[in-house]
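Colleague: Coordinates in final_14.cif, mmCIF, C-alpha atoms, are listed below.
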```cif
data_input
#
loop_
_atom_site.label_atom_id
_atom_site.label_comp_id
_atom_site.auth_asym_id
_atom_site.auth_seq_id
_atom_site.Cartn_x
_atom_site.Cartn_y
_atom_site.Cartn_z
CA MET A 1 -34.97 -62.58 86.67
CA ASP A 2 -33.93 -60.67 89.78
CA LYS A 3 -32.67 -62.38 92.92
CA ILE A 4 -35.88 -61.57 94.74
CA ASP A 5 -37.91 -63.42 92.11
CA ARG A 6 -36.06 -66.65 92.94
CA LEU A 7 -37.25 -66.68 96.55
CA GLY A 8 -40.04 -69.08 97.42
CA TRP A 9 -43.41 -67.30 97.40
CA ALA A 10 -46.34 -68.86 99.23
CA GLY A 11 -49.10 -66.70 97.79
CA GLY A 12 -50.01 -63.58 95.92
CA MET A 13 -52.80 -61.46 94.57
CA SER A 14 -53.50 -58.80 91.96
CA LEU A 15 -55.70 -55.83 92.65
CA THR A 16 -56.79 -52.60 91.05
CA ALA A 17 -57.44 -49.30 92.78
CA TYR A 18 -58.44 -46.16 90.86
CA GLY A 19 -57.44 -47.94 87.64
CA VAL A 20 -53.93 -48.77 88.88
CA ARG A 21 -52.90 -52.45 88.74
CA VAL A 22 -50.81 -53.69 91.64
CA GLY A 23 -49.49 -57.10 92.62
CA VAL A 24 -48.60 -58.40 96.08
CA ARG A 25 -46.71 -61.59 96.90
CA VAL A 26 -45.90 -63.01 100.31
CA ASN A 27 -43.69 -65.75 101.70
CA ASP A 28 -46.33 -66.67 104.28
CA ALA A 29 -49.85 -67.31 102.97
CA ALA A 30 -51.40 -66.14 106.25
CA MET A 31 -50.16 -62.64 105.47
CA LEU A 32 -52.54 -62.29 102.52
CA ASP A 33 -55.41 -61.92 104.96
CA ALA A 34 -53.43 -59.56 107.17
CA ILE A 35 -52.67 -57.12 104.35
CA ARG A 36 -56.30 -56.62 103.31
CA SER A 37 -56.90 -53.91 105.88
CA TYR A 38 -53.87 -52.04 104.53
CA LEU A 39 -55.12 -51.87 100.94
CA PRO A 40 -56.41 -48.58 99.48
CA VAL A 41 -60.03 -47.48 99.66
CA GLY A 42 -62.08 -48.99 96.84
CA TRP A 43 -59.61 -51.73 95.86
CA LYS A 44 -60.87 -54.72 93.93
CA PRO A 45 -59.27 -58.09 93.27
CA SER A 46 -58.11 -58.37 89.69
CA PRO A 47 -57.64 -61.41 87.46
CA VAL A 48 -54.74 -59.83 85.52
CA SER A 49 -51.22 -61.04 86.13
CA VAL A 50 -49.42 -58.08 84.54
CA VAL A 51 -49.16 -55.26 87.08
CA GLU A 52 -47.60 -51.81 87.19
CA ARG A 53 -46.00 -52.29 90.58
CA LEU A 54 -45.24 -55.46 92.50
CA TYR A 55 -44.85 -55.56 96.27
CA SER A 56 -42.97 -58.41 97.93
CA LEU A 57 -43.51 -58.95 101.64
CA ILE A 58 -41.22 -61.27 103.53
CA HIS A 59 -42.38 -62.21 107.00
CA GLY A 60 -39.32 -62.72 109.18
CA GLY A 61 -41.02 -64.61 111.96
CA ALA A 62 -39.09 -66.38 114.70
CA GLY A 63 -35.43 -67.19 114.08
CA GLU A 64 -33.86 -70.62 114.33
CA ARG A 65 -32.34 -69.82 117.72
CA PRO A 66 -34.55 -68.98 120.73
CA GLY A 67 -34.92 -65.26 121.31
CA VAL A 68 -33.73 -64.39 117.80
CA ARG A 69 -36.13 -62.72 115.36
CA ARG A 70 -35.55 -62.27 111.70
CA PHE A 71 -36.23 -59.08 109.83
CA ASN A 72 -39.48 -58.45 107.98
CA LEU A 73 -38.67 -57.13 104.53
CA LEU A 74 -40.73 -55.08 102.12
CA TYR A 75 -39.84 -54.52 98.48
CA GLY A 76 -41.54 -52.28 95.93
CA ASP A 77 -40.54 -53.88 92.62
CA ILE A 78 -36.85 -54.59 93.32
CA VAL A 79 -36.23 -51.69 95.72
CA ARG A 80 -36.19 -52.49 99.42
CA LEU A 81 -38.58 -50.16 101.23
CA ALA A 82 -38.40 -51.54 104.77
CA ARG A 83 -36.34 -53.86 106.94
CA THR A 84 -37.69 -54.15 110.43
CA THR A 85 -38.40 -56.62 113.19
CA ASP A 86 -41.76 -54.89 113.75
CA LEU A 87 -44.31 -56.50 111.42
CA GLU A 88 -46.86 -53.71 112.01
CA GLU A 89 -44.28 -51.13 110.97
CA MET A 90 -43.62 -52.99 107.73
CA LEU A 91 -47.35 -53.24 106.96
CA GLU A 92 -47.82 -49.52 107.59
CA MET A 93 -44.94 -48.79 105.24
CA PHE A 94 -46.59 -51.05 102.66
CA GLU A 95 -49.89 -49.19 103.11
CA SER A 96 -48.23 -45.80 102.80
CA ASP A 97 -46.19 -46.63 99.71
CA LEU A 98 -49.09 -48.37 97.99
CA GLN A 99 -51.44 -45.44 98.65
CA LEU A 100 -48.86 -43.03 97.34
CA HIS A 101 -48.27 -45.10 94.22
CA VAL A 102 -52.00 -45.32 93.51
CA ALA A 103 -52.37 -41.58 94.18
CA GLU A 104 -49.62 -40.73 91.72
CA ALA A 105 -50.57 -43.18 88.99
CA ALA A 106 -54.40 -42.89 89.11
CA ARG A 107 -55.70 -42.07 85.65
CA ARG A 108 -59.10 -40.52 86.19
CA ARG A 109 -58.58 -38.93 89.59
CA VAL A 110 -56.25 -36.28 90.98
CA PHE A 111 -55.05 -36.94 94.53
CA ILE A 112 -54.24 -33.99 96.76
CA HIS A 113 -52.67 -34.51 100.14
CA ALA A 114 -55.45 -32.94 102.20
CA GLY A 115 -58.06 -33.43 104.85
CA VAL A 116 -61.64 -33.16 103.56
CA VAL A 117 -65.02 -32.71 105.20
CA GLY A 118 -68.43 -31.93 103.76
CA TRP A 119 -70.63 -29.11 105.01
CA LYS A 120 -74.01 -28.19 103.56
CA GLY A 121 -73.31 -29.74 100.19
CA ARG A 122 -69.81 -28.26 99.76
CA ALA A 123 -66.40 -29.72 100.50
CA ILE A 124 -63.88 -28.04 102.77
CA LEU A 125 -60.32 -28.91 101.73
CA ILE A 126 -57.40 -28.62 104.14
CA PRO A 127 -54.28 -29.26 102.07
CA GLY A 128 -51.07 -29.83 103.95
CA ARG A 129 -48.04 -31.94 104.57
CA SER A 130 -47.28 -34.08 107.54
CA LEU A 131 -47.52 -32.36 110.95
CA SER A 132 -49.43 -29.36 109.59
CA GLY A 133 -52.34 -30.27 111.88
CA LYS A 134 -54.87 -31.15 109.20
CA THR A 135 -56.11 -34.32 110.90
CA THR A 136 -56.76 -32.44 114.14
CA LEU A 137 -58.73 -29.82 112.24
CA VAL A 138 -60.69 -32.49 110.36
CA ALA A 139 -61.56 -34.17 113.67
CA ALA A 140 -62.69 -30.82 115.13
CA LEU A 141 -64.90 -30.12 112.10
CA VAL A 142 -66.42 -33.60 112.31
CA ARG A 143 -67.20 -33.03 116.01
CA LEU A 144 -69.16 -29.94 114.93
CA GLY A 145 -71.27 -31.98 112.53
CA ALA A 146 -69.30 -31.91 109.28
CA THR A 147 -69.32 -35.09 107.20
CA TYR A 148 -66.05 -36.97 107.04
CA TYR A 149 -64.45 -37.52 103.61
CA SER A 150 -60.76 -38.05 104.32
CA ASP A 151 -57.83 -37.06 106.48
CA GLU A 152 -55.29 -38.13 103.90
CA TYR A 153 -56.30 -37.42 100.31
CA ALA A 154 -58.78 -35.22 98.51
CA VAL A 155 -59.68 -37.40 95.54
CA MET A 156 -60.82 -35.13 92.74
CA ASP A 157 -62.46 -35.94 89.42
CA LYS A 158 -61.90 -33.91 86.27
CA SER A 159 -64.84 -31.65 87.03
CA GLY A 160 -63.23 -30.71 90.36
CA ARG A 161 -65.65 -32.57 92.61
CA VAL A 162 -64.22 -34.33 95.64
CA HIS A 163 -64.90 -38.02 96.29
CA PRO A 164 -64.69 -39.73 99.68
CA PHE A 165 -61.48 -41.52 100.69
CA PRO A 166 -62.63 -42.53 104.15
CA LYS A 167 -59.67 -44.22 105.81
CA PRO A 168 -59.72 -44.13 109.62
CA LEU A 169 -58.30 -40.88 111.01
CA GLN A 170 -54.62 -41.27 111.85
CA ILE A 171 -53.83 -39.21 114.92
CA ARG A 172 -50.36 -38.66 116.31
CA GLU A 173 -49.77 -39.04 120.02
CA GLY A 174 -48.06 -35.89 121.27
CA ALA A 175 -44.93 -35.01 119.31
CA SER A 176 -44.41 -38.63 118.25
CA THR A 177 -44.47 -39.62 114.58
CA LYS A 178 -46.36 -42.77 115.57
CA GLN A 179 -49.99 -42.62 114.54
CA THR A 180 -53.00 -44.46 115.88
CA LYS A 181 -56.11 -45.12 113.83
CA HIS A 182 -59.53 -43.91 114.97
CA SER A 183 -62.83 -44.48 113.22
CA VAL A 184 -64.83 -41.35 112.46
CA GLU A 185 -67.66 -42.72 114.58
CA GLU A 186 -65.42 -42.26 117.65
CA PHE A 187 -65.76 -38.52 117.03
CA GLY A 188 -69.50 -38.78 116.65
CA GLY A 189 -69.18 -38.29 112.91
CA ARG A 190 -70.37 -39.99 109.77
CA VAL A 191 -68.79 -40.69 106.42
CA GLY A 192 -69.88 -38.83 103.28
CA HIS A 193 -70.72 -40.82 100.18
CA ARG A 194 -71.50 -38.49 97.30
CA PRO A 195 -68.97 -36.32 95.48
CA LEU A 196 -69.06 -32.63 96.43
CA PRO A 197 -68.00 -29.38 94.75
CA VAL A 198 -65.31 -27.49 96.69
CA GLY A 199 -66.59 -24.56 98.75
CA LEU A 200 -63.58 -23.67 100.86
CA ILE A 201 -59.84 -24.27 100.76
CA ILE A 202 -58.08 -23.79 104.08
CA SER A 203 -54.32 -23.38 104.06
CA SER A 204 -53.35 -23.32 107.69
CA ARG A 205 -50.60 -24.37 110.02
CA TYR A 206 -50.88 -24.90 113.75
CA ARG A 207 -49.05 -22.51 116.05
CA SER A 208 -49.71 -22.62 119.74
CA GLY A 209 -51.67 -19.55 120.83
CA ALA A 210 -52.28 -18.25 117.29
CA ARG A 211 -55.63 -16.67 116.53
CA TRP A 212 -57.39 -17.69 113.34
CA ARG A 213 -57.37 -14.51 111.26
CA PRO A 214 -56.92 -15.80 107.72
CA ARG A 215 -56.41 -13.69 104.64
CA PRO A 216 -58.28 -14.52 101.45
CA LEU A 217 -56.26 -15.68 98.45
CA SER A 218 -57.15 -15.31 94.79
CA THR A 219 -58.41 -18.27 92.79
CA GLY A 220 -55.02 -18.72 91.13
CA GLN A 221 -53.19 -18.63 94.44
CA GLY A 222 -55.71 -21.14 95.80
CA MET A 223 -54.79 -23.41 92.91
CA LEU A 224 -51.12 -23.06 93.84
CA GLU A 225 -51.90 -24.07 97.43
CA LEU A 226 -53.57 -27.22 96.12
CA LEU A 227 -50.89 -27.92 93.52
CA ALA A 228 -48.21 -27.78 96.23
CA ASN A 229 -49.87 -30.85 97.73
CA THR A 230 -50.90 -32.66 94.55
CA VAL A 231 -49.31 -36.09 94.32
CA SER A 232 -49.32 -36.27 90.51
CA ALA A 233 -48.27 -32.62 90.03
CA ARG A 234 -45.05 -33.55 88.26
CA ARG A 235 -46.27 -36.69 86.54
CA ASN A 236 -49.33 -35.14 84.93
CA PRO A 237 -49.47 -31.37 85.46
CA ARG A 238 -52.02 -30.80 82.69
CA ALA A 239 -54.66 -33.04 84.23
CA ALA A 240 -53.85 -31.72 87.70
CA LEU A 241 -54.18 -28.04 86.72
CA SER A 242 -57.38 -28.68 84.82
CA ALA A 243 -59.07 -30.41 87.79
CA LEU A 244 -57.72 -27.84 90.26
CA GLN A 245 -59.08 -25.01 88.14
CA GLN A 246 -62.54 -26.56 88.21
CA ALA A 247 -62.28 -27.04 91.97
CA ALA A 248 -60.86 -23.64 92.90
CA SER A 249 -63.08 -21.59 90.57
CA GLY A 250 -66.12 -22.00 92.77
CA ALA A 251 -64.29 -21.87 96.09
CA GLN A 252 -62.88 -19.35 98.54
CA THR A 253 -59.30 -19.86 99.72
CA LEU A 254 -58.19 -18.74 103.17
CA LYS A 255 -54.65 -18.82 104.50
CA GLY A 256 -53.34 -18.25 108.00
CA GLU A 257 -52.00 -19.71 111.19
CA ARG A 258 -54.40 -21.26 113.62
CA GLY A 259 -54.31 -22.06 117.30
CA GLU A 260 -56.67 -24.60 118.83
CA ALA A 261 -58.54 -26.56 116.17
CA ALA A 262 -61.94 -26.23 117.86
CA ASN A 263 -61.84 -22.40 117.65
CA ALA A 264 -60.77 -22.37 114.02
CA ALA A 265 -63.35 -25.04 113.13
CA HIS A 266 -66.22 -22.84 114.35
CA ALA A 267 -65.01 -19.90 112.28
CA ILE A 268 -64.47 -22.07 109.19
CA LEU A 269 -67.99 -23.49 109.20
CA LYS A 270 -69.42 -20.04 109.79
CA ARG A 271 -67.47 -18.73 106.81
CA LEU A 272 -69.03 -21.29 104.50
CA GLU A 273 -72.49 -20.24 105.65
CA GLU A 274 -71.92 -16.57 104.80
CA MET B 275 -37.25 6.54 77.50
CA GLU B 276 -34.74 5.86 74.72
CA ARG B 277 -33.91 2.57 76.36
CA THR B 278 -37.61 1.71 76.65
CA ARG B 279 -38.09 2.19 72.90
CA ARG B 280 -35.39 -0.31 72.05
CA ILE B 281 -36.41 -3.14 74.30
CA VAL B 282 -38.73 -5.80 72.90
CA PRO B 283 -39.33 -8.52 75.51
CA MET B 284 -40.51 -11.92 74.37
CA ALA B 285 -42.48 -14.43 76.41
CA ARG B 286 -41.25 -17.99 76.65
CA LYS B 287 -43.87 -20.45 75.40
CA ASP B 288 -42.03 -23.76 75.14
CA GLU B 289 -42.46 -26.52 77.72
CA LEU B 290 -45.10 -24.62 79.61
CA VAL B 291 -48.62 -25.63 80.59
CA ILE B 292 -50.78 -22.51 80.70
CA GLN B 293 -54.16 -22.22 82.38
CA GLU B 294 -56.20 -19.05 82.66
CA VAL B 295 -58.47 -18.59 85.63
CA SER B 296 -60.50 -15.53 86.67
CA GLY B 297 -58.14 -13.04 85.05
CA GLU B 298 -55.04 -14.72 86.43
CA THR B 299 -52.75 -17.06 84.55
CA LEU B 300 -51.29 -20.25 85.98
CA VAL B 301 -48.10 -21.41 84.31
CA TYR B 302 -46.48 -24.79 84.94
CA ASP B 303 -42.87 -25.07 83.79
CA LEU B 304 -42.26 -28.63 82.59
CA LYS B 305 -38.48 -28.04 82.69
CA SER B 306 -38.09 -26.80 86.26
CA HIS B 307 -41.36 -28.15 87.73
CA GLU B 308 -42.13 -24.71 89.07
CA ALA B 309 -45.65 -23.33 88.94
CA HIS B 310 -46.34 -19.60 88.75
CA CYS B 311 -49.50 -17.62 89.34
CA LEU B 312 -49.49 -14.35 87.39
CA ASN B 313 -52.01 -11.81 88.60
CA GLN B 314 -53.98 -9.90 86.00
CA THR B 315 -51.37 -7.18 85.44
CA ALA B 316 -48.44 -9.58 85.20
CA ALA B 317 -50.49 -11.85 82.91
CA LEU B 318 -51.34 -8.95 80.57
CA VAL B 319 -47.72 -7.84 80.39
CA TRP B 320 -46.64 -11.42 79.66
CA LYS B 321 -49.31 -11.74 76.97
CA HIS B 322 -47.96 -8.68 75.17
CA CYS B 323 -44.33 -9.81 75.30
CA ASP B 324 -44.39 -10.99 71.70
CA GLY B 325 -40.91 -9.94 70.63
CA ARG B 326 -42.30 -7.03 68.58
CA LEU B 327 -43.82 -4.62 71.07
CA THR B 328 -41.48 -2.34 72.96
CA VAL B 329 -41.86 -1.75 76.68
CA ALA B 330 -43.55 1.58 75.90
CA GLN B 331 -46.02 -0.15 73.59
CA VAL B 332 -46.71 -2.83 76.18
CA MET B 333 -47.46 -0.03 78.62
CA GLU B 334 -49.95 1.52 76.17
CA ARG B 335 -51.71 -1.80 75.65
CA LEU B 336 -51.88 -2.29 79.38
CA GLU B 337 -53.45 1.13 79.87
CA ARG B 338 -56.04 0.31 77.24
CA GLU B 339 -56.94 -3.04 78.77
CA LEU B 340 -56.96 -1.89 82.39
CA LYS B 341 -58.72 1.33 81.37
CA SER B 342 -56.48 3.39 83.62
CA PRO B 343 -53.09 5.09 83.44
CA VAL B 344 -50.18 2.75 84.05
CA SER B 345 -46.75 3.77 85.28
CA GLN B 346 -43.75 2.52 83.33
CA GLU B 347 -42.44 1.12 86.63
CA VAL B 348 -45.39 -1.28 86.63
CA VAL B 349 -44.28 -2.81 83.34
CA TRP B 350 -40.65 -2.98 84.46
CA LEU B 351 -41.61 -4.67 87.71
CA ALA B 352 -43.68 -7.23 85.80
CA LEU B 353 -40.81 -7.89 83.38
CA ASP B 354 -38.40 -8.28 86.28
CA GLN B 355 -40.65 -10.84 87.96
CA LEU B 356 -41.30 -12.67 84.71
CA GLU B 357 -37.58 -12.84 84.01
CA LYS B 358 -36.84 -14.17 87.49
CA SER B 359 -39.50 -16.83 86.93
CA ASP B 360 -37.82 -17.79 83.63
CA LEU B 361 -40.91 -16.85 81.65
CA LEU B 362 -39.08 -14.62 79.17
CA GLU B 363 -36.99 -15.90 76.27
CA LYS B 364 -33.34 -15.85 77.22
CA GLY B 365 -32.20 -14.35 73.90
CA ALA B 366 -34.51 -11.41 74.34
CA ARG B 367 -33.61 -10.64 77.93
CA PRO B 368 -33.51 -6.88 78.07
CA LEU B 369 -33.35 -6.28 81.73
CA ALA B 370 -29.71 -6.66 82.71
CA GLY B 371 -28.53 -3.54 84.46
CA TYR B 372 -32.01 -2.21 84.95
CA ALA B 373 -33.04 -1.94 88.60
CA PRO B 374 -36.83 -1.94 88.87
CA VAL B 375 -38.49 -0.62 91.97
CA SER B 376 -39.70 -3.20 94.45
CA ARG B 377 -43.38 -4.12 94.63
CA ARG B 378 -43.58 -2.59 98.08
CA ALA B 379 -42.03 0.69 96.93
CA LEU B 380 -44.36 0.78 93.94
CA ILE B 381 -47.45 0.30 96.13
CA ARG B 382 -46.15 3.05 98.39
CA SER B 383 -45.68 5.47 95.51
CA LEU B 384 -48.92 4.63 93.70
CA GLY B 385 -51.08 4.32 96.79
CA ILE B 386 -52.66 1.29 98.42
CA ALA B 387 -55.78 1.56 96.27
CA THR B 388 -53.75 0.56 93.24
CA ALA B 389 -52.14 -2.46 94.91
CA VAL B 390 -54.33 -4.83 92.93
CA ALA B 391 -52.92 -3.44 89.68
CA VAL B 392 -49.34 -3.96 90.78
CA PRO B 393 -47.91 -7.02 89.04
CA LEU B 394 -47.37 -10.10 91.13
CA VAL B 395 -45.93 -13.49 90.23
CA THR B 396 -46.31 -16.10 92.98
CA SER B 397 -44.28 -19.27 92.53
CA ILE B 398 -43.96 -22.73 94.04
CA VAL B 399 -41.89 -25.78 93.23
CA ALA B 400 -44.22 -28.67 92.45
CA PRO B 401 -43.61 -31.51 94.90
CA THR B 402 -42.54 -35.00 94.01
CA ALA B 403 -45.03 -37.68 94.99
CA ALA B 404 -42.89 -38.66 97.98
CA GLN B 405 -42.77 -35.07 99.23
CA THR B 406 -46.55 -34.95 99.46
CA GLY B 407 -46.75 -38.19 101.46
CA SER B 408 -47.10 -38.00 105.19
CA LYS B 409 -44.96 -41.01 105.99
CA CYS B 410 -41.24 -41.69 106.05
CA GLY B 411 -38.97 -42.32 103.07
CA GLY B 412 -37.84 -45.84 102.21
CA VAL B 413 -34.49 -46.94 100.78
CA GLY B 414 -33.58 -44.74 97.82
CA ALA B 415 -36.16 -42.04 98.62
CA SER B 416 -34.96 -38.42 98.62
CA CYS B 417 -34.56 -36.96 102.09
CA GLY B 418 -33.61 -33.67 103.70
CA GLY B 419 -35.07 -30.24 102.90
CA MET B 420 -38.72 -30.56 101.95
CA ASN B 421 -38.57 -34.35 101.71
CA PRO B 422 -39.90 -36.66 104.40
CA GLU B 423 -37.54 -38.09 106.98
CA CYS B 424 -36.12 -41.55 106.39
CA CYS B 425 -37.91 -44.48 107.98
CA LYS B 426 -36.63 -45.98 111.20
CA GLY B 427 -33.29 -47.71 110.77
CA LEU B 428 -32.41 -45.80 107.59
CA VAL B 429 -29.91 -42.97 107.31
CA CYS B 430 -30.24 -39.82 105.19
CA ASP B 431 -27.43 -38.89 102.86
CA GLY B 432 -29.38 -37.02 100.20
CA SER B 433 -31.35 -40.23 99.79
CA CYS B 434 -32.30 -42.80 102.41
CA PHE B 435 -30.03 -45.80 102.71
CA ASP B 436 -29.74 -48.76 104.99
CA PRO B 437 -26.46 -48.63 106.94
CA ALA B 438 -26.76 -52.38 107.51
CA GLY B 439 -26.49 -52.88 103.77
#
```
Please go through the file and, once you have read it, give me the structure as structure tokens.
Modeller:
Amino acid sequence: MDKIDRLGWAGGMSLTAYGVRVGVRVNDAAMLDAIRSYLPVGWKPSPVSVVERLYSLIHGGAGERPGVRRFNLLYGDIVRLARTTDLEEMLEMFESDLQLHVAEAARRRVFIHAGVVGWKGRAILIPGRSLSGKTTLVAALVRLGATYYSDEYAVMDKSGRVHPFPKPLQIREGASTKQTKHSVEEFGGRVGHRPLPVGLIISSRYRSGARWRPRPLSTGQGMLELLANTVSARRNPRAALSALQQAASGAQTLKGERGEAANAAHAILKRLEE
Amino acid sequence: MERTRRIVPMARKDELVIQEVSGETLVYDLKSHEAHCLNQTAALVWKHCDGRLTVAQVMERLERELKSPVSQEVVWLALDQLEKSDLLEKGARPLAGYAPVSRRALIRSLGIATAVAVPLVTSIVAPTAAQTGSKCGGVGASCGGMNPECCKGLVCDGSCFDPAG
């Protein structure tokens, strides 16, 4: 038994998401309600007590002396992931780590770090890391009438179709790393529900003043662009490559720098109509 | 030409995941976690590196399959790229001392119309799960380079750690 297991726990729950079993325990029962909005899309409560990963959340709360606050602590199994006086920050870290764990360990889905919208029955994938501008481009596409699927993960089945992962859009304020959540309805958009085949893969990076003049990539190179953002690439490359092949085979891949998202968004939608 | 007759390159097949797609070949190296995309020409050369065919014979096979004349430089350039990508058996490495022309020089000498037939191996390093995430790294997470920055309050020293212990 590890030291952390000897602490007093006030409550806990088991859940499954995409076939991955996760446990959460808290030292303050009120936190169980608070964490629900930080759980992954499609999670379900689970009766099982054996889980693949156990999160422990310790709410610091007020200290014994006036004006003193204790740290909020987050553990993933026995590794400390966060130590902060900001409860919101700890919950966001919990959300991020849990999503990533589910994305890596999911058995029947391949998770690609990408923004996704639907347009005329096909999915547009915008793979990219943090600060590549994919959320801004997703928001611009949604404003033009595209259906929102995700600004975080393209969730792909083995036949290469993309399923919705409709978390609120997380938009950074200026150059800050702090993100604020916005519902897709704020952009006049709507959420897609049915899985879509991939029509277009956009590998782009924002550069102020750049004009969107992408070059087409081959199918294989398109697969590489997706693989470079696939969460389970190392853990299960066979399944990842197989799903990516299905996805990329029927899609065009375009790569290039873009300037303002609105300009690029027009050109991207037009491309899919050609 | 004498040298070409003696050399019998051999493709590495162990610890690789291979996927063919539209004439190209995707290769995932389970040892290095690198992924390579071989265009049609590079894929054909790699396919014929069986440890028996000489470079000249590989060139002949390539000509037959592409249905057009192929310069010996094309095969050498493919072998050079395959070797750099660790897709040839180490014991059969024939290329030391040989200086193949660059892809750019080859396109220039053969003409732009033949650029498609010039071998090309594109490579990436597959990311770890944490590298694909958009948030910060927690205690113990790798940081620096392609990895995410450490979360607030943590310090990066190859991996994120908490200076407060």
Colleague: What does the distance from atom CA of Thr253 of chain A to atom CA of Gln221 of chain A come to in Å, to one decimal?
Modeller: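 Atom CA of Gln221 of chain A lies at a distance of 8.2 Å from atom CA of Thr253 of chain A.
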Colleague: With the cut-off set at 8 Å and counting all atoms listed in the file, tabulate each residue of chain A with an atom at most that distance from an atom of chain B, showing the nearest atom pair and its distance in Å to one decimal, ordered by chain and increasing number, as a tab-separated table.
Modeller:
```
residue	atom	partner	partner_atom	distance
A:Val79	CA	B:Val413	CA	7.2
A:Arg80	CA	B:Val413	CA	6.0
A:Leu81	CA	B:Gly412	CA	4.5
A:Ala82	CA	B:Gly412	CA	6.3
A:Arg83	CA	B:Gly427	CA	7.9
A:Thr84	CA	B:Gly427	CA	7.8
A:Met93	CA	B:Lys409	CA	7.8
A:Ser96	CA	B:Lys409	CA	6.6
A:Leu100	CA	B:Gly407	CA	6.7
A:Glu104	CA	B:Ala403	CA	6.4
A:His113	CA	B:Thr406	CA	6.2
A:Arg129	CA	B:Thr406	CA	6.1
A:Ser130	CA	B:Ser408	CA	4.6
A:Thr219	CA	B:Ser296	CA	7.0
A:Gly220	CA	B:Cys311	CA	5.9
A:Gln221	CA	B:Cys311	CA	6.4
A:Leu224	CA	B:Ile398	CA	7.2
A:Leu227	CA	B:Ala400	CA	6.8
A:Ala228	CA	B:Ala400	CA	5.6
A:Asn229	CA	B:Thr406	CA	5.6
A:Thr230	CA	B:Thr406	CA	6.9
A:Val231	CA	B:Ala403	CA	4.6
A:Ser232	CA	B:Ala403	CA	6.4
A:Ala233	CA	B:Ala400	CA	6.2
A:Arg234	CA	B:Thr402	CA	6.4
A:Pro237	CA	B:Tyr302	CA	7.2
A:Arg238	CA	B:Val291	CA	6.5
A:Leu241	CA	B:Gln293	CA	7.3
A:Ser242	CA	B:Gln293	CA	7.6
A:Gln245	CA	B:Val295	CA	6.9
A:Ser249	CA	B:Val295	CA	7.4
```
Colleague: Take the residues from that selection and write them out as a PDB file, in the frame of the given file, keeping C-alpha atoms.
Modeller:
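Produced file again29.pdb, reproduced below:
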```
ATOM      1  CA  VAL A  79     -36.230 -51.690  95.720  1.00  0.00           C
ATOM      2  CA  ARG A  80     -36.190 -52.490  99.420  1.00  0.00           C
ATOM      3  CA  LEU A  81     -38.580 -50.160 101.230  1.00  0.00           C
ATOM      4  CA  ALA A  82     -38.400 -51.540 104.770  1.00  0.00           C
ATOM      5  CA  ARG A  83     -36.340 -53.860 106.940  1.00  0.00           C
ATOM      6  CA  THR A  84     -37.690 -54.150 110.430  1.00  0.00           C
ATOM      7  CA  MET A  93     -44.940 -48.790 105.240  1.00  0.00           C
ATOM      8  CA  SER A  96     -48.230 -45.800 102.800  1.00  0.00           C
ATOM      9  CA  LEU A 100     -48.860 -43.030  97.340  1.00  0.00           C
ATOM     10  CA  GLU A 104     -49.620 -40.730  91.720  1.00  0.00           C
ATOM     11  CA  HIS A 113     -52.670 -34.510 100.140  1.00  0.00           C
ATOM     12  CA  ARG A 129     -48.040 -31.940 104.570  1.00  0.00           C
ATOM     13  CA  SER A 130     -47.280 -34.080 107.540  1.00  0.00           C
ATOM     14  CA  THR A 219     -58.410 -18.270  92.790  1.00  0.00           C
ATOM     15  CA  GLY A 220     -55.020 -18.720  91.130  1.00  0.00           C
ATOM     16  CA  GLN A 221     -53.190 -18.630  94.440  1.00  0.00           C
ATOM     17  CA  LEU A 224     -51.120 -23.060  93.840  1.00  0.00           C
ATOM     18  CA  LEU A 227     -50.890 -27.920  93.520  1.00  0.00           C
ATOM     19  CA  ALA A 228     -48.210 -27.780  96.230  1.00  0.00           C
ATOM     20  CA  ASN A 229     -49.870 -30.850  97.730  1.00  0.00           C
ATOM     21  CA  THR A 230     -50.900 -32.660  94.550  1.00  0.00           C
ATOM     22  CA  VAL A 231     -49.310 -36.090  94.320  1.00  0.00           C
ATOM     23  CA  SER A 232     -49.320 -36.270  90.510  1.00  0.00           C
ATOM     24  CA  ALA A 233     -48.270 -32.620  90.030  1.00  0.00           C
ATOM     25  CA  ARG A 234     -45.050 -33.550  88.260  1.00  0.00           C
ATOM     26  CA  PRO A 237     -49.470 -31.370  85.460  1.00  0.00           C
ATOM     27  CA  ARG A 238     -52.020 -30.800  82.690  1.00  0.00           C
ATOM     28  CA  LEU A 241     -54.180 -28.040  86.720  1.00  0.00           C
ATOM     29  CA  SER A 242     -57.380 -28.680  84.820  1.00  0.00           C
ATOM     30  CA  GLN A 245     -59.080 -25.010  88.140  1.00  0.00           C
ATOM     31  CA  SER A 249     -63.080 -21.590  90.570  1.00  0.00           C
TER      32      SER A 249
END
```
Colleague: Could you list the residues chosen by the PyMOL selection byres ((chain B and resi 348) around 12) in this structure as JSON, numbers by chain?
Modeller: {"B": [315, 316, 318, 319, 329, 330, 332, 333, 334, 336, 337, 343, 344, 345, 346, 347, 349, 350, 351, 352, 353, 354, 355, 374, 375, 376, 377, 378, 379, 380, 381, 383, 384, 388, 389, 390, 391, 392, 393, 394]}
Colleague: Hey, can you check how far atom CA of Asn72 of chain A sits from atom CA of Arg21 of chain A?
Modeller: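 Separation of atom CA of Asn72 of chain A and atom CA of Arg21 of chain A: 24.2 Å.
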Colleague: How many Å lie between atom CA of Phe111 of chain A and atom CA of Pro195 of chain A, rounded to one decimal?
Modeller: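 Atom-to-atom, atom CA of Phe111 of chain A to atom CA of Pro195 of chain A, that is 14.0 Å.
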